[in-house]
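*Asks:* Contents of final10.tsv (TSV, N, CA and C atoms):
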chain	number	residue	atom	x	y	z
A	1	MET	N	122.52	154.35	99.18
A	1	MET	CA	123.79	154.87	98.71
A	1	MET	C	124.82	154.81	99.84
A	2	ALA	N	125.98	154.38	99.51
A	2	ALA	CA	127.08	154.31	100.48
A	2	ALA	C	127.96	155.54	100.35
A	3	MET	N	128.49	156.01	101.47
A	3	MET	CA	129.36	157.18	101.47
A	3	MET	C	130.81	156.72	101.50
A	4	ARG	N	131.64	157.33	100.70
A	4	ARG	CA	133.08	157.05	100.67
A	4	ARG	C	133.83	158.32	101.06
A	5	GLY	N	135.15	158.26	101.06
A	5	GLY	CA	135.97	159.41	101.43
A	5	GLY	C	135.70	160.64	100.58
A	6	TYR	N	135.95	161.81	101.14
A	6	TYR	CA	135.81	163.10	100.47
A	6	TYR	C	134.39	163.38	100.00
A	7	GLY	N	133.41	162.80	100.66
A	7	GLY	CA	132.02	163.06	100.32
A	7	GLY	C	131.55	162.37	99.05
A	8	VAL	N	132.29	161.41	98.55
A	8	VAL	CA	131.87	160.66	97.37
A	8	VAL	C	130.86	159.59	97.80
A	9	LYS	N	129.72	159.56	97.11
A	9	LYS	CA	128.70	158.56	97.39
A	9	LYS	C	128.73	157.52	96.28
A	10	ILE	N	128.40	156.30	96.65
A	10	ILE	CA	128.30	155.20	95.70
A	10	ILE	C	126.82	154.89	95.49
A	11	ALA	N	126.38	154.85	94.25
A	11	ALA	CA	125.00	154.51	93.94
A	11	ALA	C	124.98	153.17	93.21
A	12	SER	N	124.01	152.35	93.57
A	12	SER	CA	123.86	151.07	92.88
A	12	SER	C	122.40	150.66	92.87
A	13	SER	N	122.06	149.81	91.92
A	13	SER	CA	120.69	149.33	91.77
A	13	SER	C	120.69	147.82	91.61
A	14	GLU	N	119.77	147.18	92.28
A	14	GLU	CA	119.56	145.73	92.08
A	14	GLU	C	118.92	145.46	90.73
A	15	ASN	N	118.38	146.52	90.09
A	15	ASN	CA	117.72	146.37	88.78
A	15	ASN	C	118.69	146.55	87.62
A	16	ALA	N	119.97	146.58	87.92
A	16	ALA	CA	121.02	146.64	86.91
A	16	ALA	C	122.05	145.57	87.26
A	17	PRO	N	122.78	145.07	86.28
A	17	PRO	CA	123.77	144.04	86.58
A	17	PRO	C	124.86	144.56	87.50
A	18	LYS	N	125.40	143.68	88.29
A	18	LYS	CA	126.54	144.04	89.14
A	18	LYS	C	127.72	144.40	88.24
A	19	ALA	N	128.60	145.25	88.74
A	19	ALA	CA	129.80	145.61	87.99
A	19	ALA	C	130.61	144.35	87.68
A	20	VAL	N	131.19	144.31	86.50
A	20	VAL	CA	131.97	143.12	86.09
A	20	VAL	C	133.44	143.26	86.44
A	21	GLY	N	133.76	144.26	87.24
A	21	GLY	CA	135.14	144.49	87.67
A	21	GLY	C	135.16	145.26	88.97
A	22	PRO	N	136.32	145.73	89.37
A	22	PRO	CA	136.46	146.45	90.64
A	22	PRO	C	136.07	147.94	90.52
A	23	TYR	N	134.79	148.18	90.27
A	23	TYR	CA	134.28	149.54	90.15
A	23	TYR	C	132.82	149.56	90.57
A	24	SER	N	132.27	150.75	90.71
A	24	SER	CA	130.88	150.95	91.13
A	24	SER	C	129.99	151.19	89.93
A	25	GLN	N	128.69	150.90	90.09
A	25	GLN	CA	127.75	151.22	89.02
A	25	GLN	C	127.72	152.73	88.78
A	26	ALA	N	127.81	153.51	89.86
A	26	ALA	CA	127.85	154.96	89.73
A	26	ALA	C	128.45	155.57	90.99
A	27	THR	N	129.06	156.73	90.81
A	27	THR	CA	129.54	157.52	91.94
A	27	THR	C	128.95	158.92	91.82
A	28	ILE	N	128.82	159.57	92.98
A	28	ILE	CA	128.29	160.92	93.01
A	28	ILE	C	129.28	161.79	93.77
A	29	ALA	N	129.72	162.85	93.14
A	29	ALA	CA	130.66	163.79	93.77
A	29	ALA	C	130.34	165.20	93.27
A	30	ASN	N	130.36	166.15	94.18
A	30	ASN	CA	130.11	167.55	93.82
A	30	ASN	C	128.84	167.72	92.99
A	31	ASN	N	127.77	167.05	93.40
A	31	ASN	CA	126.46	167.15	92.75
A	31	ASN	C	126.49	166.68	91.29
A	32	THR	N	127.41	165.78	90.98
A	32	THR	CA	127.51	165.20	89.65
A	32	THR	C	127.51	163.69	89.77
A	33	ILE	N	126.75	163.03	88.91
A	33	ILE	CA	126.63	161.57	88.90
A	33	ILE	C	127.43	161.03	87.72
A	34	TYR	N	128.31	160.08	88.02
A	34	TYR	CA	129.13	159.43	87.00
A	34	TYR	C	128.69	157.98	86.90
A	35	VAL	N	128.00	157.63	85.82
A	35	VAL	CA	127.51	156.26	85.62
A	35	VAL	C	128.55	155.49	84.82
A	36	SER	N	129.01	154.38	85.38
A	36	SER	CA	129.98	153.53	84.68
A	36	SER	C	129.37	152.98	83.40
A	37	GLY	N	130.23	152.52	82.52
A	37	GLY	CA	129.77	151.95	81.26
A	37	GLY	C	128.78	150.84	81.48
A	38	CYS	N	127.67	150.92	80.77
A	38	CYS	CA	126.60	149.92	80.86
A	38	CYS	C	126.62	149.05	79.61
A	39	LEU	N	126.67	147.76	79.85
A	39	LEU	CA	126.59	146.76	78.79
A	39	LEU	C	125.16	146.25	78.68
A	40	GLY	N	124.90	145.47	77.66
A	40	GLY	CA	123.57	144.90	77.46
A	40	GLY	C	123.34	143.62	78.23
A	41	LEU	N	123.75	143.61	79.50
A	41	LEU	CA	123.60	142.43	80.35
A	41	LEU	C	122.24	142.42	81.03
A	42	VAL	N	121.62	141.25	81.09
A	42	VAL	CA	120.37	141.08	81.82
A	42	VAL	C	120.70	141.03	83.31
A	43	PRO	N	120.09	141.88	84.13
A	43	PRO	CA	120.46	141.94	85.54
A	43	PRO	C	120.34	140.60	86.29
A	44	ASP	N	119.31	139.85	86.02
A	44	ASP	CA	119.07	138.60	86.76
A	44	ASP	C	120.07	137.50	86.44
A	45	THR	N	120.56	137.47	85.20
A	45	THR	CA	121.40	136.35	84.77
A	45	THR	C	122.85	136.73	84.52
A	46	GLY	N	123.09	138.00	84.21
A	46	GLY	CA	124.44	138.43	83.84
A	46	GLY	C	124.80	138.06	82.42
A	47	ASP	N	123.85	137.53	81.66
A	47	ASP	CA	124.07	137.17	80.25
A	47	ASP	C	123.71	138.36	79.35
A	48	MET	N	124.30	138.40	78.17
A	48	MET	CA	123.93	139.41	77.19
A	48	MET	C	122.46	139.21	76.82
A	49	ALA	N	121.78	140.33	76.62
A	49	ALA	CA	120.35	140.28	76.29
A	49	ALA	C	120.11	139.61	74.94
A	50	GLY	N	121.09	139.64	74.06
A	50	GLY	CA	120.97	139.04	72.74
A	50	GLY	C	122.22	139.33	71.94
A	51	GLU	N	122.26	138.82	70.74
A	51	GLU	CA	123.42	139.03	69.86
A	51	GLU	C	123.32	140.34	69.09
A	52	GLU	N	122.11	140.79	68.78
A	52	GLU	CA	121.93	141.98	67.96
A	52	GLU	C	122.33	143.23	68.73
A	53	VAL	N	122.99	144.16	68.06
A	53	VAL	CA	123.45	145.38	68.70
A	53	VAL	C	122.28	146.21	69.23
A	54	GLU	N	121.14	146.19	68.54
A	54	GLU	CA	119.98	146.94	69.00
A	54	GLU	C	119.47	146.41	70.34
A	55	VAL	N	119.44	145.10	70.48
A	55	VAL	CA	118.98	144.47	71.72
A	55	VAL	C	119.95	144.79	72.86
A	56	GLN	N	121.24	144.73	72.57
A	56	GLN	CA	122.23	145.07	73.59
A	56	GLN	C	122.16	146.55	73.98
A	57	ALA	N	121.96	147.42	73.00
A	57	ALA	CA	121.87	148.86	73.29
A	57	ALA	C	120.65	149.15	74.16
A	58	LYS	N	119.52	148.54	73.84
A	58	LYS	CA	118.30	148.75	74.63
A	58	LYS	C	118.51	148.29	76.06
A	59	GLN	N	119.10	147.12	76.25
A	59	GLN	CA	119.33	146.61	77.61
A	59	GLN	C	120.34	147.47	78.35
A	60	ALA	N	121.39	147.93	77.65
A	60	ALA	CA	122.37	148.81	78.28
A	60	ALA	C	121.70	150.09	78.78
A	61	LEU	N	120.81	150.65	78.00
A	61	LEU	CA	120.12	151.87	78.40
A	61	LEU	C	119.10	151.61	79.50
A	62	GLU	N	118.46	150.46	79.49
A	62	GLU	CA	117.58	150.09	80.60
A	62	GLU	C	118.39	150.00	81.89
A	63	ASN	N	119.56	149.38	81.80
A	63	ASN	CA	120.45	149.28	82.97
A	63	ASN	C	120.86	150.66	83.45
A	64	MET	N	121.21	151.54	82.50
A	64	MET	CA	121.58	152.90	82.86
A	64	MET	C	120.43	153.60	83.56
A	65	GLY	N	119.23	153.43	83.07
A	65	GLY	CA	118.06	154.05	83.69
A	65	GLY	C	117.89	153.62	85.14
A	66	ALA	N	118.12	152.33	85.41
A	66	ALA	CA	118.01	151.83	86.78
A	66	ALA	C	119.08	152.46	87.69
A	67	VAL	N	120.28	152.60	87.17
A	67	VAL	CA	121.37	153.20	87.96
A	67	VAL	C	121.10	154.69	88.17
A	68	LEU	N	120.66	155.38	87.13
A	68	LEU	CA	120.32	156.79	87.27
A	68	LEU	C	119.24	156.99	88.34
A	69	GLU	N	118.23	156.14	88.32
A	69	GLU	CA	117.16	156.23	89.32
A	69	GLU	C	117.71	156.03	90.73
A	70	ALA	N	118.57	155.04	90.89
A	70	ALA	CA	119.17	154.77	92.21
A	70	ALA	C	120.00	155.96	92.68
A	71	ALA	N	120.54	156.73	91.75
A	71	ALA	CA	121.36	157.89	92.08
A	71	ALA	C	120.54	159.17	92.21
A	72	GLY	N	119.22	159.07	92.04
A	72	GLY	CA	118.36	160.25	92.16
A	72	GLY	C	118.27	161.08	90.91
A	73	SER	N	118.35	160.43	89.75
A	73	SER	CA	118.33	161.16	88.50
A	73	SER	C	117.52	160.38	87.46
A	74	ASN	N	117.60	160.82	86.22
A	74	ASN	CA	116.90	160.15	85.11
A	74	ASN	C	117.54	160.62	83.80
A	75	PHE	N	117.04	160.10	82.70
A	75	PHE	CA	117.62	160.41	81.39
A	75	PHE	C	117.55	161.90	81.05
A	76	ASP	N	116.54	162.61	81.55
A	76	ASP	CA	116.42	164.04	81.26
A	76	ASP	C	117.52	164.87	81.91
A	77	ASN	N	118.22	164.28	82.88
A	77	ASN	CA	119.27	165.01	83.59
A	77	ASN	C	120.68	164.59	83.18
A	78	VAL	N	120.76	163.78	82.13
A	78	VAL	CA	122.08	163.37	81.62
A	78	VAL	C	122.66	164.52	80.81
A	79	VAL	N	123.90	164.87	81.10
A	79	VAL	CA	124.55	165.98	80.39
A	79	VAL	C	125.55	165.51	79.34
A	80	LYS	N	126.05	164.26	79.48
A	80	LYS	CA	127.02	163.74	78.51
A	80	LYS	C	127.03	162.23	78.56
A	81	THR	N	127.20	161.63	77.40
A	81	THR	CA	127.38	160.17	77.32
A	81	THR	C	128.60	159.85	76.46
A	82	THR	N	129.09	158.65	76.65
A	82	THR	CA	130.11	158.09	75.76
A	82	THR	C	129.57	156.76	75.27
A	83	VAL	N	129.58	156.56	73.96
A	83	VAL	CA	129.13	155.31	73.36
A	83	VAL	C	130.34	154.61	72.77
A	84	LEU	N	130.54	153.36	73.15
A	84	LEU	CA	131.61	152.54	72.60
A	84	LEU	C	130.98	151.44	71.74
A	85	LEU	N	131.45	151.31	70.51
A	85	LEU	CA	130.96	150.29	69.58
A	85	LEU	C	132.12	149.43	69.11
A	86	THR	N	131.88	148.15	68.95
A	86	THR	CA	132.92	147.29	68.39
A	86	THR	C	132.90	147.34	66.86
A	87	ASP	N	131.85	147.93	66.28
A	87	ASP	CA	131.74	148.04	64.83
A	87	ASP	C	131.04	149.36	64.51
A	88	MET	N	131.74	150.31	63.92
A	88	MET	CA	131.16	151.61	63.62
A	88	MET	C	130.01	151.50	62.62
A	89	ASN	N	129.90	150.38	61.92
A	89	ASN	CA	128.76	150.16	61.04
A	89	ASN	C	127.45	150.04	61.82
A	90	ASP	N	127.54	149.84	63.14
A	90	ASP	CA	126.35	149.76	64.00
A	90	ASP	C	125.88	151.13	64.48
A	91	PHE	N	126.59	152.19	64.10
A	91	PHE	CA	126.30	153.54	64.58
A	91	PHE	C	124.83	153.93	64.38
A	92	LYS	N	124.31	153.76	63.19
A	92	LYS	CA	122.93	154.16	62.88
A	92	LYS	C	121.93	153.32	63.68
A	93	ARG	N	122.17	152.03	63.79
A	93	ARG	CA	121.23	151.15	64.52
A	93	ARG	C	121.21	151.48	66.01
A	94	VAL	N	122.37	151.79	66.58
A	94	VAL	CA	122.42	152.17	67.99
A	94	VAL	C	121.76	153.54	68.18
A	95	ASN	N	121.96	154.46	67.26
A	95	ASN	CA	121.32	155.77	67.35
A	95	ASN	C	119.80	155.66	67.39
A	96	GLU	N	119.25	154.73	66.64
A	96	GLU	CA	117.79	154.55	66.63
A	96	GLU	C	117.29	154.14	68.01
A	97	VAL	N	117.99	153.26	68.68
A	97	VAL	CA	117.61	152.84	70.04
A	97	VAL	C	117.88	153.98	71.01
A	98	TYR	N	119.04	154.59	70.92
A	98	TYR	CA	119.46	155.69	71.80
A	98	TYR	C	118.43	156.82	71.78
A	99	SER	N	117.92	157.15	70.60
A	99	SER	CA	116.97	158.26	70.47
A	99	SER	C	115.66	157.98	71.18
A	100	ASP	N	115.32	156.72	71.44
A	100	ASP	CA	114.12	156.40	72.22
A	100	ASP	C	114.28	156.84	73.68
A	101	TYR	N	115.50	156.89	74.18
A	101	TYR	CA	115.77	157.25	75.56
A	101	TYR	C	116.12	158.73	75.71
A	102	PHE	N	116.58	159.33	74.64
A	102	PHE	CA	116.95	160.75	74.65
A	102	PHE	C	116.19	161.48	73.55
A	103	SER	N	114.85	161.37	73.57
A	103	SER	CA	114.05	161.96	72.51
A	103	SER	C	113.83	163.46	72.71
A	104	ASN	N	113.56	163.88	73.95
A	104	ASN	CA	113.31	165.31	74.22
A	104	ASN	C	114.58	166.05	74.59
A	105	HIS	N	115.52	165.34	75.11
A	105	HIS	CA	116.75	165.92	75.65
A	105	HIS	C	117.94	165.25	74.98
A	106	LYS	N	118.80	166.03	74.40
A	106	LYS	CA	119.95	165.48	73.68
A	106	LYS	C	121.24	165.90	74.39
A	107	PRO	N	121.80	165.01	75.23
A	107	PRO	CA	123.06	165.37	75.91
A	107	PRO	C	124.23	165.40	74.93
A	108	ALA	N	125.31	166.04	75.35
A	108	ALA	CA	126.55	165.97	74.58
A	108	ALA	C	126.97	164.50	74.52
A	109	ARG	N	127.72	164.13	73.47
A	109	ARG	CA	128.06	162.72	73.32
A	109	ARG	C	129.33	162.54	72.52
A	110	ILE	N	130.04	161.48	72.85
A	110	ILE	CA	131.19	161.01	72.08
A	110	ILE	C	130.89	159.57	71.70
A	111	CYS	N	131.30	159.17	70.51
A	111	CYS	CA	131.16	157.77	70.10
A	111	CYS	C	132.49	157.31	69.52
A	112	TYR	N	132.97	156.18	70.02
A	112	TYR	CA	134.23	155.59	69.56
A	112	TYR	C	134.00	154.16	69.08
A	113	ALA	N	134.77	153.77	68.11
A	113	ALA	CA	134.88	152.36	67.75
A	113	ALA	C	136.06	151.79	68.53
A	114	VAL	N	135.85	150.65	69.14
A	114	VAL	CA	136.89	149.99	69.94
A	114	VAL	C	137.08	148.57	69.44
A	115	LYS	N	138.22	148.00	69.76
A	115	LYS	CA	138.52	146.64	69.30
A	115	LYS	C	137.61	145.60	69.96
A	116	ASP	N	137.47	145.68	71.29
A	116	ASP	CA	136.67	144.72	72.04
A	116	ASP	C	136.01	145.41	73.22
A	117	LEU	N	134.94	144.79	73.72
A	117	LEU	CA	134.29	145.22	74.95
A	117	LEU	C	134.19	144.02	75.88
A	118	PRO	N	134.03	144.28	77.19
A	118	PRO	CA	133.93	143.16	78.14
A	118	PRO	C	132.80	142.20	77.79
A	119	LEU	N	133.04	140.95	78.06
A	119	LEU	CA	132.05	139.87	77.92
A	119	LEU	C	131.48	139.74	76.50
A	120	GLY	N	132.24	140.22	75.52
A	120	GLY	CA	131.80	140.09	74.14
A	120	GLY	C	130.72	141.07	73.73
A	121	GLY	N	130.52	142.12	74.52
A	121	GLY	CA	129.50	143.11	74.17
A	121	GLY	C	129.82	143.83	72.88
A	122	LYS	N	128.77	144.34	72.24
A	122	LYS	CA	128.92	145.10	71.00
A	122	LYS	C	128.78	146.60	71.23
A	123	VAL	N	128.21	146.98	72.38
A	123	VAL	CA	128.00	148.40	72.70
A	123	VAL	C	128.11	148.57	74.22
A	124	GLU	N	128.70	149.68	74.62
A	124	GLU	CA	128.77	150.06	76.03
A	124	GLU	C	128.55	151.57	76.10
A	125	ILE	N	127.75	152.00	77.07
A	125	ILE	CA	127.40	153.42	77.17
A	125	ILE	C	127.57	153.88	78.61
A	126	ASP	N	128.29	154.98	78.82
A	126	ASP	CA	128.39	155.57	80.15
A	126	ASP	C	127.72	156.94	80.12
A	127	ALA	N	127.60	157.57	81.29
A	127	ALA	CA	126.92	158.86	81.35
A	127	ALA	C	127.43	159.70	82.51
A	128	ILE	N	127.28	161.00	82.33
A	128	ILE	CA	127.45	161.97	83.40
A	128	ILE	C	126.11	162.70	83.51
A	129	ALA	N	125.61	162.80	84.74
A	129	ALA	CA	124.30	163.41	84.96
A	129	ALA	C	124.33	164.26	86.22
A	130	VAL	N	123.26	164.98	86.44
A	130	VAL	CA	123.07	165.72	87.69
A	130	VAL	C	121.83	165.15	88.38
A	131	PRO	N	121.76	165.28	89.70
A	131	PRO	CA	120.58	164.79	90.40
A	131	PRO	C	119.33	165.55	89.95
A	132	GLU	N	118.20	164.89	90.06
A	132	GLU	CA	116.94	165.47	89.61
A	132	GLU	C	116.64	166.83	90.25
A	133	GLU	N	116.93	166.99	91.54
A	133	GLU	CA	116.63	168.24	92.22
A	133	GLU	C	117.51	169.39	91.76
A	134	SER	N	118.56	169.10	90.99
A	134	SER	CA	119.45	170.16	90.50
A	134	SER	C	118.91	170.86	89.27
A	135	MET	N	118.00	170.24	88.60
A	135	MET	CA	117.51	170.80	87.32
A	135	MET	C	116.39	171.79	87.54
Represent the structure contained in this file as structure tokens.

*Replies:*
Amino acid sequence: MAMRGYGVKIASSENAPKAVGPYSQATIANNTIYVSGCLGLVPDTGDMAGEEVEVQAKQALENMGAVLEAAGSNFDNVVKTTVLLTDMNDFKRVNEVYSDYFSNHKPARICYAVKDLPLGGKVEIDAIAVPEESM
């Protein structure tokens, strides 16, 4: 983890795709982890994991898990997520995948339909979490 001004730390994982813009995979400030939006990109190639929203959602959450781990946390310590969908008709299908990662613990959540997502993604998910030792 790299340290930035005002005690802000930058967390990143080689097991998640590099950011597709001028931002970090995650930042940590005041004992809170902010995970940037995760797309369904395969870390090794930077390509979408597939066309189906379920495949993209699973890969996005796998990427999130890698970033959370690099930041000293995990899915059980997520307190809030935001889900962005390009088609609200995919809501139920994404929920089925999402529930595999948040089966015991249900963080607060917002879900929006958006016009487009980067790189043609169909779903993007961000998170706010606390470090594992905080729980």

*Asks:* Please, what distance in Å, to one decimal, runs between atom CA of Val55 of chain A and atom C of Pro17 of chain A?

*Replies:*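 Spanning atom CA of Val55 of chain A to atom C of Pro17 of chain A is a straight-line distance of 16.8 Å.
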
*Asks:* Between atom CA of Ser12 of chain A and atom CA of Leu84 of chain A, measure the distance and give it in Å to one decimal.

*Replies:* 21.8 Å

*Asks:* Taking the DSSP assignment computed from this structure's backbone, write out as a list in words all residues of segment 7-121 of chain A that belong to strand (DSSP E).

*Replies:* Lys9, Ile10, Ala11, Ala26, Thr27, Ile28, Ala29, Thr32, Ile33, Tyr34, Val35, Ser36, Gly37, Cys38, Val78, Val79, Lys80, Thr81, Thr82, Val83, Leu84, Leu85, Ala108, Arg109, Ile110, Cys111, Tyr112 and Ala113 of chain A

*Asks:* May I ask for the distance between atom C of Gly37 of chain A and atom C of Lys92 of chain A, given in Å to one decimal place?

*Replies:*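 Interatomic distance, atom C of Gly37 of chain A to atom C of Lys92 of chain A: 19.2 Å.
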
*Asks:* Counting only C-alpha atoms, give me one row per residue of segment 21-120 of chain A with an atom at most 8 Å from an atom of segment 127-131 of chain A, showing the shortest contact pair and its distance in Å to one decimal, sorted by chain then residue number, as CSV.

*Replies:*
residue,atom,partner,partner_atom,distance
A:Asn31,CA,A:Val130,CA,6.3
A:Thr32,CA,A:Val130,CA,4.9
A:Ile33,CA,A:Ala129,CA,4.9
A:Tyr34,CA,A:Ile128,CA,4.7
A:Val35,CA,A:Ala127,CA,5.0
A:Ser36,CA,A:Ala127,CA,7.0
A:Gly37,CA,A:Ala127,CA,7.5
A:Ala71,CA,A:Pro131,CA,7.1
A:Gly72,CA,A:Pro131,CA,5.4
A:Ser73,CA,A:Pro131,CA,4.7
A:Asn74,CA,A:Pro131,CA,7.9
A:Asn77,CA,A:Ala129,CA,5.5
A:Val78,CA,A:Ala129,CA,4.0
A:Val79,CA,A:Ala129,CA,5.2
A:Lys80,CA,A:Ile128,CA,5.2
A:Thr81,CA,A:Ala127,CA,4.3
A:Thr82,CA,A:Ala127,CA,6.5

*Asks:* Once you have the residues from the selection above, write them out as a PDB file, in the frame of the given file, restricted to N, CA and C atoms.

*Replies:*
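Result written to selection-v1.pdb:
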ATOM      1  N   ASN A  31     127.770 167.050  93.400  1.00  0.00           N
ATOM      2  CA  ASN A  31     126.460 167.150  92.750  1.00  0.00           C
ATOM      3  C   ASN A  31     126.490 166.680  91.290  1.00  0.00           C
ATOM      4  N   THR A  32     127.410 165.780  90.980  1.00  0.00           N
ATOM      5  CA  THR A  32     127.510 165.200  89.650  1.00  0.00           C
ATOM      6  C   THR A  32     127.510 163.690  89.770  1.00  0.00           C
ATOM      7  N   ILE A  33     126.750 163.030  88.910  1.00  0.00           N
ATOM      8  CA  ILE A  33     126.630 161.570  88.900  1.00  0.00           C
ATOM      9  C   ILE A  33     127.430 161.030  87.720  1.00  0.00           C
ATOM     10  N   TYR A  34     128.310 160.080  88.020  1.00  0.00           N
ATOM     11  CA  TYR A  34     129.130 159.430  87.000  1.00  0.00           C
ATOM     12  C   TYR A  34     128.690 157.980  86.900  1.00  0.00           C
ATOM     13  N   VAL A  35     128.000 157.630  85.820  1.00  0.00           N
ATOM     14  CA  VAL A  35     127.510 156.260  85.620  1.00  0.00           C
ATOM     15  C   VAL A  35     128.550 155.490  84.820  1.00  0.00           C
ATOM     16  N   SER A  36     129.010 154.380  85.380  1.00  0.00           N
ATOM     17  CA  SER A  36     129.980 153.530  84.680  1.00  0.00           C
ATOM     18  C   SER A  36     129.370 152.980  83.400  1.00  0.00           C
ATOM     19  N   GLY A  37     130.230 152.520  82.520  1.00  0.00           N
ATOM     20  CA  GLY A  37     129.770 151.950  81.260  1.00  0.00           C
ATOM     21  C   GLY A  37     128.780 150.840  81.480  1.00  0.00           C
ATOM     22  N   ALA A  71     120.540 156.730  91.750  1.00  0.00           N
ATOM     23  CA  ALA A  71     121.360 157.890  92.080  1.00  0.00           C
ATOM     24  C   ALA A  71     120.540 159.170  92.210  1.00  0.00           C
ATOM     25  N   GLY A  72     119.220 159.070  92.040  1.00  0.00           N
ATOM     26  CA  GLY A  72     118.360 160.250  92.160  1.00  0.00           C
ATOM     27  C   GLY A  72     118.270 161.080  90.910  1.00  0.00           C
ATOM     28  N   SER A  73     118.350 160.430  89.750  1.00  0.00           N
ATOM     29  CA  SER A  73     118.330 161.160  88.500  1.00  0.00           C
ATOM     30  C   SER A  73     117.520 160.380  87.460  1.00  0.00           C
ATOM     31  N   ASN A  74     117.600 160.820  86.220  1.00  0.00           N
ATOM     32  CA  ASN A  74     116.900 160.150  85.110  1.00  0.00           C
ATOM     33  C   ASN A  74     117.540 160.620  83.800  1.00  0.00           C
ATOM     34  N   ASN A  77     118.220 164.280  82.880  1.00  0.00           N
ATOM     35  CA  ASN A  77     119.270 165.010  83.590  1.00  0.00           C
ATOM     36  C   ASN A  77     120.680 164.590  83.180  1.00  0.00           C
ATOM     37  N   VAL A  78     120.760 163.780  82.130  1.00  0.00           N
ATOM     38  CA  VAL A  78     122.080 163.370  81.620  1.00  0.00           C
ATOM     39  C   VAL A  78     122.660 164.520  80.810  1.00  0.00           C
ATOM     40  N   VAL A  79     123.900 164.870  81.100  1.00  0.00           N
ATOM     41  CA  VAL A  79     124.550 165.980  80.390  1.00  0.00           C
ATOM     42  C   VAL A  79     125.550 165.510  79.340  1.00  0.00           C
ATOM     43  N   LYS A  80     126.050 164.260  79.480  1.00  0.00           N
ATOM     44  CA  LYS A  80     127.020 163.740  78.510  1.00  0.00           C
ATOM     45  C   LYS A  80     127.030 162.230  78.560  1.00  0.00           C
ATOM     46  N   THR A  81     127.200 161.630  77.400  1.00  0.00           N
ATOM     47  CA  THR A  81     127.380 160.170  77.320  1.00  0.00           C
ATOM     48  C   THR A  81     128.600 159.850  76.460  1.00  0.00           C
ATOM     49  N   THR A  82     129.090 158.650  76.650  1.00  0.00           N
ATOM     50  CA  THR A  82     130.110 158.090  75.760  1.00  0.00           C
ATOM     51  C   THR A  82     129.570 156.760  75.270  1.00  0.00           C
TER      52      THR A  82
END
